[in-house]
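Enquirer: My questions all concern the structure below.
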Amino acid sequence: FGWAGREGDASHQIFMRTCLNQTSCAQTLWEKYDTYRQRNLDVFENITAEAVDPMIGNGIVLLSESVEDNTTVVVVRNRLIDWDVSPKEMLQWQIYVHETLFGNDQQQEKGIIVVQDLRGFRLGHMWRIARSGGLEMLRFFPHNFQTIFFVGEPWYFGPVWSFIRVLLPARVQDAIVFLGEDGREELQARLGGHASAVSSLLESDAEEAMVGERIGQFVCELARHPVAVCV
(Lines give C-alpha, C1' and ligand atoms only; values in the text may rest on other atoms or scores of the structure.)
Protein backbone atom coordinates (compact mmCIF):
# COMPACT_ATOMS: atom_id res chain seq x y z
CA PHE A 1 0.00 0.00 0.00
CA GLY A 2 1.17 3.54 -0.72
CA TRP A 3 0.63 6.42 1.70
CA ALA A 4 -2.58 7.49 -0.03
CA GLY A 5 -4.04 4.01 0.37
CA ARG A 6 -3.48 3.93 4.13
CA GLU A 7 -5.83 6.75 5.10
CA GLY A 8 -8.02 5.65 7.98
CA ASP A 9 -5.87 2.77 9.24
CA ALA A 10 -4.02 2.84 12.56
CA SER A 11 -0.55 3.57 11.21
CA HIS A 12 -1.86 6.50 9.15
CA GLN A 13 -3.44 8.01 12.25
CA ILE A 14 -0.32 7.48 14.36
CA PHE A 15 2.01 9.13 11.84
CA MET A 16 -0.44 11.99 11.43
CA ARG A 17 -0.72 12.58 15.17
CA THR A 18 3.06 12.40 15.54
CA CYS A 19 3.33 15.17 12.94
CA LEU A 20 0.52 17.23 14.50
CA ASN A 21 -1.74 16.41 11.53
CA GLN A 22 0.69 17.80 8.98
CA THR A 23 0.26 15.50 6.00
CA SER A 24 3.60 16.25 4.34
CA CYS A 25 5.50 15.44 7.54
CA ALA A 26 3.59 12.20 8.13
CA GLN A 27 3.99 11.08 4.54
CA THR A 28 7.74 11.78 4.62
CA LEU A 29 8.21 9.69 7.77
CA TRP A 30 6.15 6.84 6.40
CA GLU A 31 7.87 6.83 3.02
CA LYS A 32 11.34 6.77 4.60
CA TYR A 33 10.45 3.64 6.50
CA ASP A 34 8.68 2.06 3.56
CA THR A 35 11.80 2.64 1.43
CA TYR A 36 13.92 1.00 4.12
CA ARG A 37 11.60 -2.00 4.11
CA GLN A 38 11.71 -2.36 0.35
CA ARG A 39 15.51 -2.30 0.41
CA ASN A 40 15.64 -4.99 3.12
CA LEU A 41 12.88 -7.40 2.13
CA ASP A 42 14.92 -10.38 3.31
CA VAL A 43 14.90 -8.97 6.84
CA PHE A 44 11.13 -8.51 6.93
CA GLU A 45 9.90 -11.66 5.23
CA ASN A 46 10.29 -13.92 8.27
CA ILE A 47 9.48 -11.59 11.15
CA THR A 48 6.76 -13.43 13.03
CA ALA A 49 5.82 -13.87 16.66
CA GLU A 50 6.93 -17.50 16.42
CA ALA A 51 10.38 -16.47 15.19
CA VAL A 52 10.88 -13.54 17.55
CA ASP A 53 9.46 -14.88 20.81
CA PRO A 54 12.24 -17.43 21.47
CA MET A 55 14.85 -14.68 21.13
CA ILE A 56 13.33 -12.12 23.47
CA GLY A 57 11.19 -14.42 25.60
CA ASN A 58 10.35 -12.77 28.90
CA GLY A 59 13.12 -10.23 28.42
CA ILE A 60 10.64 -7.60 27.19
CA VAL A 61 7.35 -7.30 29.04
CA LEU A 62 4.48 -4.86 28.55
CA LEU A 63 2.45 -3.56 31.47
CA SER A 64 -0.47 -2.20 29.52
CA GLU A 65 -2.59 -0.72 32.30
CA SER A 66 -1.88 1.56 35.20
CA VAL A 67 -4.16 2.37 38.11
CA GLU A 68 -3.54 6.00 37.25
CA ASP A 69 -3.41 6.88 33.57
CA ASN A 70 -3.22 3.78 31.36
CA THR A 71 0.32 4.65 30.36
CA THR A 72 2.15 1.66 28.88
CA VAL A 73 5.33 0.57 30.64
CA VAL A 74 7.85 -1.58 28.80
CA VAL A 75 10.30 -3.43 31.03
CA VAL A 76 13.43 -4.69 29.27
CA ARG A 77 15.29 -7.36 31.26
CA ASN A 78 18.38 -7.67 29.10
CA ARG A 79 19.73 -10.65 31.04
CA LEU A 80 16.82 -12.78 29.80
CA ILE A 81 17.23 -11.96 26.11
CA ASP A 82 19.01 -14.49 23.89
CA TRP A 83 22.07 -12.60 22.65
CA ASP A 84 23.53 -15.60 20.86
CA VAL A 85 21.80 -14.82 17.57
CA SER A 86 22.91 -13.45 14.21
CA PRO A 87 22.94 -9.67 13.48
CA LYS A 88 19.99 -10.20 11.14
CA GLU A 89 17.97 -11.98 13.83
CA MET A 90 18.85 -9.26 16.32
CA LEU A 91 17.63 -6.61 13.90
CA GLN A 92 14.44 -8.59 13.31
CA TRP A 93 13.43 -8.72 16.97
CA GLN A 94 14.17 -5.01 17.36
CA ILE A 95 11.97 -4.23 14.36
CA TYR A 96 9.24 -6.43 15.80
CA VAL A 97 9.33 -4.60 19.13
CA HIS A 98 9.22 -1.16 17.51
CA GLU A 99 6.40 -2.08 15.15
CA THR A 100 4.37 -3.68 17.91
CA LEU A 101 4.65 -0.59 20.11
CA PHE A 102 4.17 1.93 17.33
CA GLY A 103 1.21 0.09 15.87
CA ASN A 104 -0.84 0.51 19.04
CA ASP A 105 -2.62 3.84 18.76
CA GLN A 106 -3.69 3.94 22.41
CA GLN A 107 -0.15 3.30 23.66
CA GLN A 108 1.22 6.09 21.50
CA GLU A 109 -1.51 8.50 22.56
CA LYS A 110 -1.07 7.91 26.29
CA GLY A 111 2.70 7.64 26.12
CA ILE A 112 5.26 4.93 26.84
CA ILE A 113 7.66 4.55 29.75
CA VAL A 114 10.64 2.26 29.17
CA VAL A 115 12.61 0.66 32.00
CA GLN A 116 15.93 -0.73 30.78
CA ASP A 117 17.45 -3.08 33.36
CA LEU A 118 21.13 -3.26 32.38
CA ARG A 119 22.30 -5.74 34.98
CA GLY A 120 24.15 -8.47 33.15
CA PHE A 121 24.31 -6.31 30.03
CA ARG A 122 27.79 -6.74 28.60
CA LEU A 123 29.82 -4.45 26.39
CA GLY A 124 29.55 -6.96 23.56
CA HIS A 125 25.76 -6.76 23.70
CA MET A 126 25.84 -3.01 23.18
CA TRP A 127 28.12 -3.25 20.17
CA ARG A 128 25.99 -6.00 18.65
CA ILE A 129 22.90 -3.81 18.85
CA ALA A 130 24.76 -0.92 17.23
CA ARG A 131 26.19 -3.14 14.47
CA SER A 132 22.82 -4.76 13.74
CA GLY A 133 21.37 -1.41 12.68
CA GLY A 134 18.64 -1.61 15.29
CA LEU A 135 19.26 1.88 16.64
CA GLU A 136 18.25 3.25 13.25
CA MET A 137 14.70 2.11 13.99
CA LEU A 138 14.38 4.97 16.48
CA ARG A 139 14.62 7.40 13.58
CA PHE A 140 11.81 5.70 11.70
CA PHE A 141 9.45 5.36 14.66
CA PRO A 142 8.78 8.64 16.53
CA HIS A 143 7.49 6.88 19.65
CA ASN A 144 5.74 8.94 22.29
CA PHE A 145 8.31 8.14 24.97
CA GLN A 146 7.56 9.83 28.26
CA THR A 147 10.72 8.60 29.96
CA ILE A 148 13.37 5.95 29.32
CA PHE A 149 14.90 4.84 32.61
CA PHE A 150 18.26 3.07 32.72
CA VAL A 151 18.92 1.19 35.92
CA GLY A 152 21.90 -0.94 36.93
CA GLU A 153 24.28 0.48 34.32
CA PRO A 154 27.67 -1.30 34.33
CA TRP A 155 30.87 0.68 34.99
CA TYR A 156 31.78 0.99 31.31
CA PHE A 157 28.41 2.31 30.20
CA GLY A 158 29.25 6.01 30.51
CA PRO A 159 32.17 6.11 28.04
CA VAL A 160 30.37 3.90 25.53
CA TRP A 161 27.20 5.96 25.87
CA SER A 162 29.06 9.07 24.73
CA PHE A 163 29.51 7.32 21.39
CA ILE A 164 26.12 5.60 21.16
CA ARG A 165 24.08 8.70 22.01
CA VAL A 166 25.01 10.49 18.78
CA LEU A 167 23.20 7.74 16.87
CA LEU A 168 19.91 8.54 18.61
CA PRO A 169 17.36 11.23 17.73
CA ALA A 170 17.36 14.24 20.07
CA ARG A 171 13.85 13.41 21.32
CA VAL A 172 15.11 9.99 22.51
CA GLN A 173 18.20 11.47 24.15
CA ASP A 174 16.02 13.96 26.00
CA ALA A 175 13.79 11.19 27.38
CA ILE A 176 16.60 9.18 28.96
CA VAL A 177 17.21 9.21 32.72
CA PHE A 178 20.15 7.34 34.26
CA LEU A 179 19.55 5.92 37.73
CA GLY A 180 22.71 3.87 38.24
CA GLU A 181 23.39 0.74 40.25
CA ASP A 182 21.46 1.99 43.27
CA GLY A 183 18.58 3.57 41.42
CA ARG A 184 15.84 1.12 42.33
CA GLU A 185 14.31 3.24 45.07
CA GLU A 186 14.23 6.34 42.90
CA LEU A 187 12.71 4.32 40.08
CA GLN A 188 9.94 3.08 42.35
CA ALA A 189 9.18 6.64 43.46
CA ARG A 190 8.86 7.83 39.87
CA LEU A 191 6.70 5.01 38.52
CA GLY A 192 3.57 5.62 40.55
CA GLY A 193 0.97 2.92 40.00
CA HIS A 194 3.39 0.77 38.02
CA ALA A 195 5.96 0.56 40.83
CA SER A 196 4.91 -2.76 42.33
CA ALA A 197 4.71 -4.65 39.02
CA VAL A 198 8.03 -3.26 37.79
CA SER A 199 9.71 -4.12 41.09
CA SER A 200 8.50 -7.71 40.81
CA LEU A 201 9.95 -8.01 37.32
CA LEU A 202 13.29 -6.43 38.18
CA GLU A 203 13.79 -8.59 41.25
CA SER A 204 13.06 -11.86 39.47
CA ASP A 205 15.38 -13.94 37.34
CA ALA A 206 12.52 -16.29 36.55
CA GLU A 207 11.86 -17.09 32.92
CA GLU A 208 8.14 -16.66 33.44
CA ALA A 209 6.65 -13.21 33.31
CA MET A 210 4.70 -12.86 36.54
CA VAL A 211 2.93 -9.71 35.44
CA GLY A 212 2.23 -8.12 32.08
CA GLU A 213 2.49 -9.67 28.65
CA ARG A 214 5.50 -10.89 26.75
CA ILE A 215 5.78 -8.76 23.67
CA GLY A 216 6.31 -11.88 21.56
CA GLN A 217 2.84 -13.09 22.52
CA PHE A 218 1.24 -10.53 20.24
CA VAL A 219 0.32 -11.82 16.81
CA CYS A 220 1.53 -9.18 14.38
CA GLU A 221 1.26 -9.12 10.61
CA LEU A 222 4.43 -7.45 9.34
CA ALA A 223 4.71 -8.83 5.83
CA ARG A 224 2.36 -6.36 4.12
CA HIS A 225 2.15 -3.52 6.59
CA PRO A 226 4.82 -0.86 7.23
CA VAL A 227 3.52 -0.73 10.79
CA ALA A 228 2.44 -3.88 12.56
CA VAL A 229 -1.20 -4.87 12.78
CA CYS A 230 -1.32 -6.71 16.09
CA VAL A 231 -4.02 -8.64 17.92
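So you can find residues: chains in the C-alpha coordinates are A, B, ... in the order shown, residues in each start at 1, and ligands are numbered from 1 in order.
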Compile the contact shell of Arg119 (chain A) as an NGL selection string: residues with an atom at most 8 Å away, counting only C-alpha atoms, same-chain residues fewer than 2 positions apart removed.

Expert: :A and (78-79 or 117 or 121 or 151-154)

Enquirer: List the neighbours of Val177 (chain A) out to 7 Å using only C-alpha atoms; skip same-chain residues closer than 2 positions along the sequence, and give me the result as number ranges by chain.

Expert: A: 148-150, 175, 179

Enquirer: Could you write those residues out with N, CA and C atoms, as a CSV table (one decimal), in the first residue's frame?

Expert:
chain,number,residue,atom,x,y,z
A,148,ILE,N,12.6,7.2,29.5
A,148,ILE,CA,13.4,6.0,29.3
A,148,ILE,C,14.3,5.9,30.5
A,149,PHE,N,14.1,5.0,31.4
A,149,PHE,CA,14.9,4.8,32.6
A,149,PHE,C,16.0,3.8,32.4
A,150,PHE,N,17.2,4.1,32.7
A,150,PHE,CA,18.3,3.1,32.7
A,150,PHE,C,18.6,2.8,34.2
A,175,ALA,N,14.7,12.0,26.5
A,175,ALA,CA,13.8,11.2,27.4
A,175,ALA,C,14.5,10.3,28.4
A,179,LEU,N,19.8,6.1,36.3
A,179,LEU,CA,19.5,5.9,37.7
A,179,LEU,C,20.7,5.2,38.4

Enquirer: So the first atom is CA of Met55 (chain A) and the second is CA of Asp84 (chain A); what is the distance between them in Å, to one decimal place?

Expert: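 The value is 8.7 Å.
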
Enquirer: Nearest to Pro87 (chain A) among A:Gly59, A:Gly192, A:Gly120, A:Gly133, with distances taken over only C-alpha atoms: which residue is it?

Expert: A:Gly133
